[in-house]
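S.K.: Please read through the structure below; I'll follow up with questions.
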Amino acid sequence: MLRLRTRIGAVASLAMAAVAIYGCGGIPGDATVSVGGKPITKATFEHWLATSARAGSFNATPAVVPDPPRYTKCVAQLEASQPKPAKGQKPPTAAALRIQCEQKYQQLKQQALHFLITTEWVLGEAEEQGVSVSDEEVIKQFNQVKSQQFHKEADFQKLLAKTGETVSDVLLRVKVEKLSSKLQAKVTKDAGHVSRAEVAKYYDEHTSSYGQPERRNILLILTATAAQAQKAKREISRGKSFANIAKSSSIDPVSKSSGGTLDGVAKGQEERALDEAIFKARPNVLTGPVKTAFGYYLVEVKKILPSSQQTLTQAQAQIRQTLETERSQQALTNFAKEFEKRWRARTDCRAEYVVSDCKQYKLAPNTTPPPEAPSQTVTTPPVKPTHPAPKKKK
């Protein structure tokens, strides 16, 4: 533990020395970026560029950091790792491989500089707001995470060797995470306060959300033809089990496997003709066949569940939590926008190191920033008929 504390102290001392030397602002000769006057040196950038490259090739081909401007080593590695081309095809040219290397370099540069720049943003914001974490807090969090993820010290050391990170690098990540959490807590501390009047107003505007309409538990069989429905009805009338007939005769995909049971049906959930039959039927009386667009239904109402409504007193704790969460989230959103704008304006980058976090960054005409992650749309074919799941009582 003593060695870890010493490493944290060494990192802090280096940071303070950098402030003393470069506190006047600008970009020093050996720096790639200056954040509020604090430099990110080329050596630091190249270190994190290498760790990003290694992380991207974890358990794969050993990483070679793309080496601009000619990318000689990168091209050589790609040439050596290319599969044998199919008959009649030519291997990619050195020029084509150089383009791949340049693209990879730009991606890794963005990753490394984004981490380094936003780390300085968090450290600077914490200092300005009087938020801090002690060495003991960082070490405690580090040890907790380490013990959870690694059963042996050798496993942890193996990870460091593969990624190229040092213990000081990991401690820096932990420190920034702890500071971020404390900053968020400070931002949201008072933002979520909700008065009794606001709770009452919300309840009045959303009363229906805290109640349940009348619902019915039913037994249901769906057949393709009226004749099949009549046959099923006769068999049930003669004493055969509704559940057995439903399993053998019904084509309803929702209730068939449960012996025709469908609980908590509210008015308006089903197809119109079936919905009317359900809410006109007397309990324990087999009704149908009811003709619908999906086929012919037999219905029996087993239980009527009366409507219910939570009072303001019953709902107030849930409403308060909802409003507090919404306000805290909005406070964080507002803070994040202002935080990024303010610190980006303080971030100077050399021309060859300009990324989206730099104040010099400009989008090319008629382009938009890429999304942080691609969206995915999953579609599934409709199942007919469908029965909406009953709402749970709040």
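Just remember, in the structure tokens the first chain shown is A, the second B, etc., residues are 1-based per chain, and ligands are 1-based in the order shown.
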From a DSSP pass on the backbone, collect the residues of range 1-195 of chain A flagged as strand (DSSP E or B) and hand them back as a count of residues only.
M.R.: 9
S.K.: Which residues are near Gln82 in chain A? Cut-off 12 Å, only C-alpha atoms, ignore same chain within fewer than 6 positions. Put them as a VMD selection string.
M.R.: chain A and resid 61 75 to 76 90 to 94 97
S.K.: Go ahead and write the selection's residues with C-alpha atoms as a compact mmCIF listing (two decimals), in the first residue's frame.
M.R.:
```txt
# COMPACT_ATOMS: atom_id res chain seq x y z
CA THR A 61 -1.92 -10.10 -33.48
CA VAL A 75 2.23 -1.56 -43.52
CA ALA A 76 4.83 -4.29 -42.99
CA LYS A 90 -4.09 -9.66 -56.23
CA PRO A 91 -2.98 -8.84 -52.69
CA PRO A 92 -3.71 -5.29 -51.50
CA THR A 93 -1.12 -2.76 -52.53
CA ALA A 94 1.15 -0.97 -50.10
CA LEU A 97 -2.52 -0.78 -46.65
```
S.K.: Any idea what's packed within 6 Å of range 159-174 of chain A, counting only C-alpha atoms, ignoring anything in its chain fewer than 6 positions away? Could you give it as a short mmCIF file (atom, residue, chain, number, x, y, z; two decimals) with C-alpha atoms, in the first residue's frame?
M.R.:
```
data_model
loop_
_atom_site.label_atom_id
_atom_site.label_comp_id
_atom_site.auth_asym_id
_atom_site.auth_seq_id
_atom_site.Cartn_x
_atom_site.Cartn_y
_atom_site.Cartn_z
CA THR A 51 -2.11 1.27 -24.80
CA ARG A 54 -2.74 -2.91 -27.57
CA ALA A 55 -6.28 -2.88 -26.22
#
```
S.K.: Could you pull out the helix (DSSP H, G or I) residues of range 221-278 of chain A, going by DSSP on the backbone, and write them as an MDAnalysis selection string?
M.R.: chainID A and resid 226:237 242:249 256:258 272:278
S.K.: Which residues come within 12 Å of range 206-212 of chain A, counting only C-alpha atoms, excluding same-chain residues fewer than 5 positions away, as a list in words?
M.R.: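 Non-adjacent residues within range: Val199, Ala200, Lys201, Gly264, Val265, Ala266, Lys267, Leu305, Pro306, Ser307, Ser308, Gln309, Gln310, Thr311, Leu312, Thr313, Gln314, Ala315, Gln316, Gln318, Ile319, Pro390, Lys391, Lys392, Lys393 and Lys394 of chain A.
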S.K.: The selected residues should be written to file as a PDB file, in the first residue's frame (atoms: N, CA and C atoms).
M.R.:
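Full text of selection-v9.pdb as output:
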```pdb
ATOM      1  N   VAL A 199     -45.643  17.642  -5.772  1.00  0.00           N
ATOM      2  CA  VAL A 199     -46.104  16.242  -5.787  1.00  0.00           C
ATOM      3  C   VAL A 199     -47.598  16.182  -6.057  1.00  0.00           C
ATOM      4  N   ALA A 200     -48.371  17.041  -5.376  1.00  0.00           N
ATOM      5  CA  ALA A 200     -49.826  17.057  -5.552  1.00  0.00           C
ATOM      6  C   ALA A 200     -50.205  17.456  -6.981  1.00  0.00           C
ATOM      7  N   LYS A 201     -49.499  18.428  -7.526  1.00  0.00           N
ATOM      8  CA  LYS A 201     -49.770  18.869  -8.898  1.00  0.00           C
ATOM      9  C   LYS A 201     -49.515  17.740  -9.891  1.00  0.00           C
ATOM     10  N   GLY A 264     -56.209 -10.737 -16.133  1.00  0.00           N
ATOM     11  CA  GLY A 264     -56.009  -9.289 -16.104  1.00  0.00           C
ATOM     12  C   GLY A 264     -56.338  -8.581 -17.387  1.00  0.00           C
ATOM     13  N   VAL A 265     -57.370  -9.020 -18.099  1.00  0.00           N
ATOM     14  CA  VAL A 265     -57.747  -8.376 -19.363  1.00  0.00           C
ATOM     15  C   VAL A 265     -58.549  -7.109 -19.071  1.00  0.00           C
ATOM     16  N   ALA A 266     -58.083  -5.973 -19.569  1.00  0.00           N
ATOM     17  CA  ALA A 266     -58.780  -4.700 -19.387  1.00  0.00           C
ATOM     18  C   ALA A 266     -59.555  -4.353 -20.651  1.00  0.00           C
ATOM     19  N   LYS A 267     -60.572  -3.532 -20.496  1.00  0.00           N
ATOM     20  CA  LYS A 267     -61.401  -3.151 -21.627  1.00  0.00           C
ATOM     21  C   LYS A 267     -60.567  -2.392 -22.652  1.00  0.00           C
ATOM     22  N   LEU A 305     -62.127  -8.378 -11.599  1.00  0.00           N
ATOM     23  CA  LEU A 305     -61.254  -7.607 -10.713  1.00  0.00           C
ATOM     24  C   LEU A 305     -61.687  -6.150 -10.776  1.00  0.00           C
ATOM     25  N   PRO A 306     -62.246  -5.619  -9.693  1.00  0.00           N
ATOM     26  CA  PRO A 306     -62.763  -4.246  -9.729  1.00  0.00           C
ATOM     27  C   PRO A 306     -61.654  -3.223  -9.928  1.00  0.00           C
ATOM     28  N   SER A 307     -62.043  -2.057 -10.422  1.00  0.00           N
ATOM     29  CA  SER A 307     -61.076  -0.973 -10.622  1.00  0.00           C
ATOM     30  C   SER A 307     -60.545  -0.494  -9.269  1.00  0.00           C
ATOM     31  N   SER A 308     -59.388   0.107  -9.296  1.00  0.00           N
ATOM     32  CA  SER A 308     -58.761   0.612  -8.071  1.00  0.00           C
ATOM     33  C   SER A 308     -58.032   1.910  -8.375  1.00  0.00           C
ATOM     34  N   GLN A 309     -57.811   2.712  -7.345  1.00  0.00           N
ATOM     35  CA  GLN A 309     -57.139   3.995  -7.517  1.00  0.00           C
ATOM     36  C   GLN A 309     -56.307   4.301  -6.283  1.00  0.00           C
ATOM     37  N   GLN A 310     -55.001   4.537  -6.472  1.00  0.00           N
ATOM     38  CA  GLN A 310     -54.159   4.949  -5.363  1.00  0.00           C
ATOM     39  C   GLN A 310     -54.488   6.387  -4.974  1.00  0.00           C
ATOM     40  N   THR A 311     -54.487   6.648  -3.689  1.00  0.00           N
ATOM     41  CA  THR A 311     -54.672   8.016  -3.213  1.00  0.00           C
ATOM     42  C   THR A 311     -53.348   8.777  -3.343  1.00  0.00           C
ATOM     43  N   LEU A 312     -53.414  10.102  -3.183  1.00  0.00           N
ATOM     44  CA  LEU A 312     -52.204  10.905  -3.212  1.00  0.00           C
ATOM     45  C   LEU A 312     -51.230  10.433  -2.143  1.00  0.00           C
ATOM     46  N   THR A 313     -51.750  10.119  -0.960  1.00  0.00           N
ATOM     47  CA  THR A 313     -50.893   9.663   0.133  1.00  0.00           C
ATOM     48  C   THR A 313     -50.166   8.383  -0.244  1.00  0.00           C
ATOM     49  N   GLN A 314     -50.895   7.470  -0.901  1.00  0.00           N
ATOM     50  CA  GLN A 314     -50.276   6.210  -1.294  1.00  0.00           C
ATOM     51  C   GLN A 314     -49.254   6.379  -2.405  1.00  0.00           C
ATOM     52  N   ALA A 315     -49.473   7.352  -3.277  1.00  0.00           N
ATOM     53  CA  ALA A 315     -48.618   7.509  -4.459  1.00  0.00           C
ATOM     54  C   ALA A 315     -47.490   8.504  -4.261  1.00  0.00           C
ATOM     55  N   GLN A 316     -47.516   9.292  -3.192  1.00  0.00           N
ATOM     56  CA  GLN A 316     -46.598  10.419  -3.089  1.00  0.00           C
ATOM     57  C   GLN A 316     -45.122  10.013  -3.055  1.00  0.00           C
ATOM     58  N   GLN A 318     -43.667   7.462  -4.538  1.00  0.00           N
ATOM     59  CA  GLN A 318     -43.266   7.122  -5.899  1.00  0.00           C
ATOM     60  C   GLN A 318     -43.163   8.367  -6.767  1.00  0.00           C
ATOM     61  N   ILE A 319     -44.107   9.289  -6.616  1.00  0.00           N
ATOM     62  CA  ILE A 319     -44.076  10.531  -7.400  1.00  0.00           C
ATOM     63  C   ILE A 319     -42.843  11.354  -7.049  1.00  0.00           C
ATOM     64  N   PRO A 390     -51.394  -7.602 -19.057  1.00  0.00           N
ATOM     65  CA  PRO A 390     -52.092  -6.722 -18.119  1.00  0.00           C
ATOM     66  C   PRO A 390     -51.120  -5.878 -17.344  1.00  0.00           C
ATOM     67  N   LYS A 391     -51.538  -4.649 -17.052  1.00  0.00           N
ATOM     68  CA  LYS A 391     -50.687  -3.737 -16.267  1.00  0.00           C
ATOM     69  C   LYS A 391     -50.623  -4.204 -14.824  1.00  0.00           C
ATOM     70  N   LYS A 392     -49.437  -4.068 -14.248  1.00  0.00           N
ATOM     71  CA  LYS A 392     -49.270  -4.407 -12.843  1.00  0.00           C
ATOM     72  C   LYS A 392     -49.777  -3.274 -11.969  1.00  0.00           C
ATOM     73  N   LYS A 393     -50.339  -3.628 -10.857  1.00  0.00           N
ATOM     74  CA  LYS A 393     -50.834  -2.622  -9.945  1.00  0.00           C
ATOM     75  C   LYS A 393     -49.686  -1.858  -9.341  1.00  0.00           C
ATOM     76  N   LYS A 394     -49.765  -0.550  -9.392  1.00  0.00           N
ATOM     77  CA  LYS A 394     -48.675   0.282  -8.870  1.00  0.00           C
ATOM     78  C   LYS A 394     -48.743   0.320  -7.357  1.00  0.00           C
TER      79      LYS A 394
END
```
S.K.: List the neighbours of Ser255 in chain A out to 10 Å using only C-alpha atoms; skip same-chain residues closer than 6 positions along the sequence, and give me the result as an NGL selection string.
M.R.: :A and (218-222 or 243 or 246-247 or 261-263 or 386-387)
S.K.: Just write the chosen residues, C-alpha atoms, as a compact mmCIF listing (two decimals), in the first residue's frame.
M.R.:
```txt
# COMPACT_ATOMS: atom_id res chain seq x y z
CA ILE A 218 -60.90 -15.36 -18.50
CA LEU A 219 -60.68 -18.75 -20.20
CA LEU A 220 -60.37 -18.56 -23.96
CA ILE A 221 -60.32 -20.85 -26.99
CA LEU A 222 -59.74 -19.71 -30.58
CA ALA A 243 -57.84 -26.68 -20.25
CA ALA A 246 -57.87 -25.48 -25.20
CA LYS A 247 -54.55 -27.29 -25.47
CA THR A 261 -56.10 -18.97 -19.17
CA LEU A 262 -55.72 -15.22 -19.74
CA ASP A 263 -55.64 -13.02 -16.65
CA THR A 386 -52.05 -10.63 -29.69
CA HIS A 387 -53.19 -10.02 -26.15
```
S.K.: Let me make sure I understand: among A:Asp135, A:Asp357, A:Glu127, A:Glu271, which one has the smallest atom-to-atom distance to Lys109 in chain A if we use only C-alpha atoms?
M.R.: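 That would be A:Asp357, the residue with the smallest distance to Lys109 in chain A.
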S.K.: Hey, what's within 9 Å of Thr188 in chain A if we count only C-alpha atoms and toss same-chain stuff fewer than 4 positions away? As an MDAnalysis selection string, please?
M.R.: chainID A and resid 183:184 192 327:329 331:332
S.K.: Which one of A:Lys73, A:Ser249, A:Arg272, A:Tyr353 sits closest to Glu46 in chain A if you count only C-alpha atoms?
M.R.: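 Checking each candidate against Glu46 in chain A, we get A:Tyr353 as the closest.
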S.K.: Which of these, A:Pro283, A:Pro83, A:Gly239, A:Pro69, has the shortest distance to Asn217 in chain A once you count only C-alpha atoms?
M.R.: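 Smallest distance to Asn217 in chain A is found for A:Pro283.
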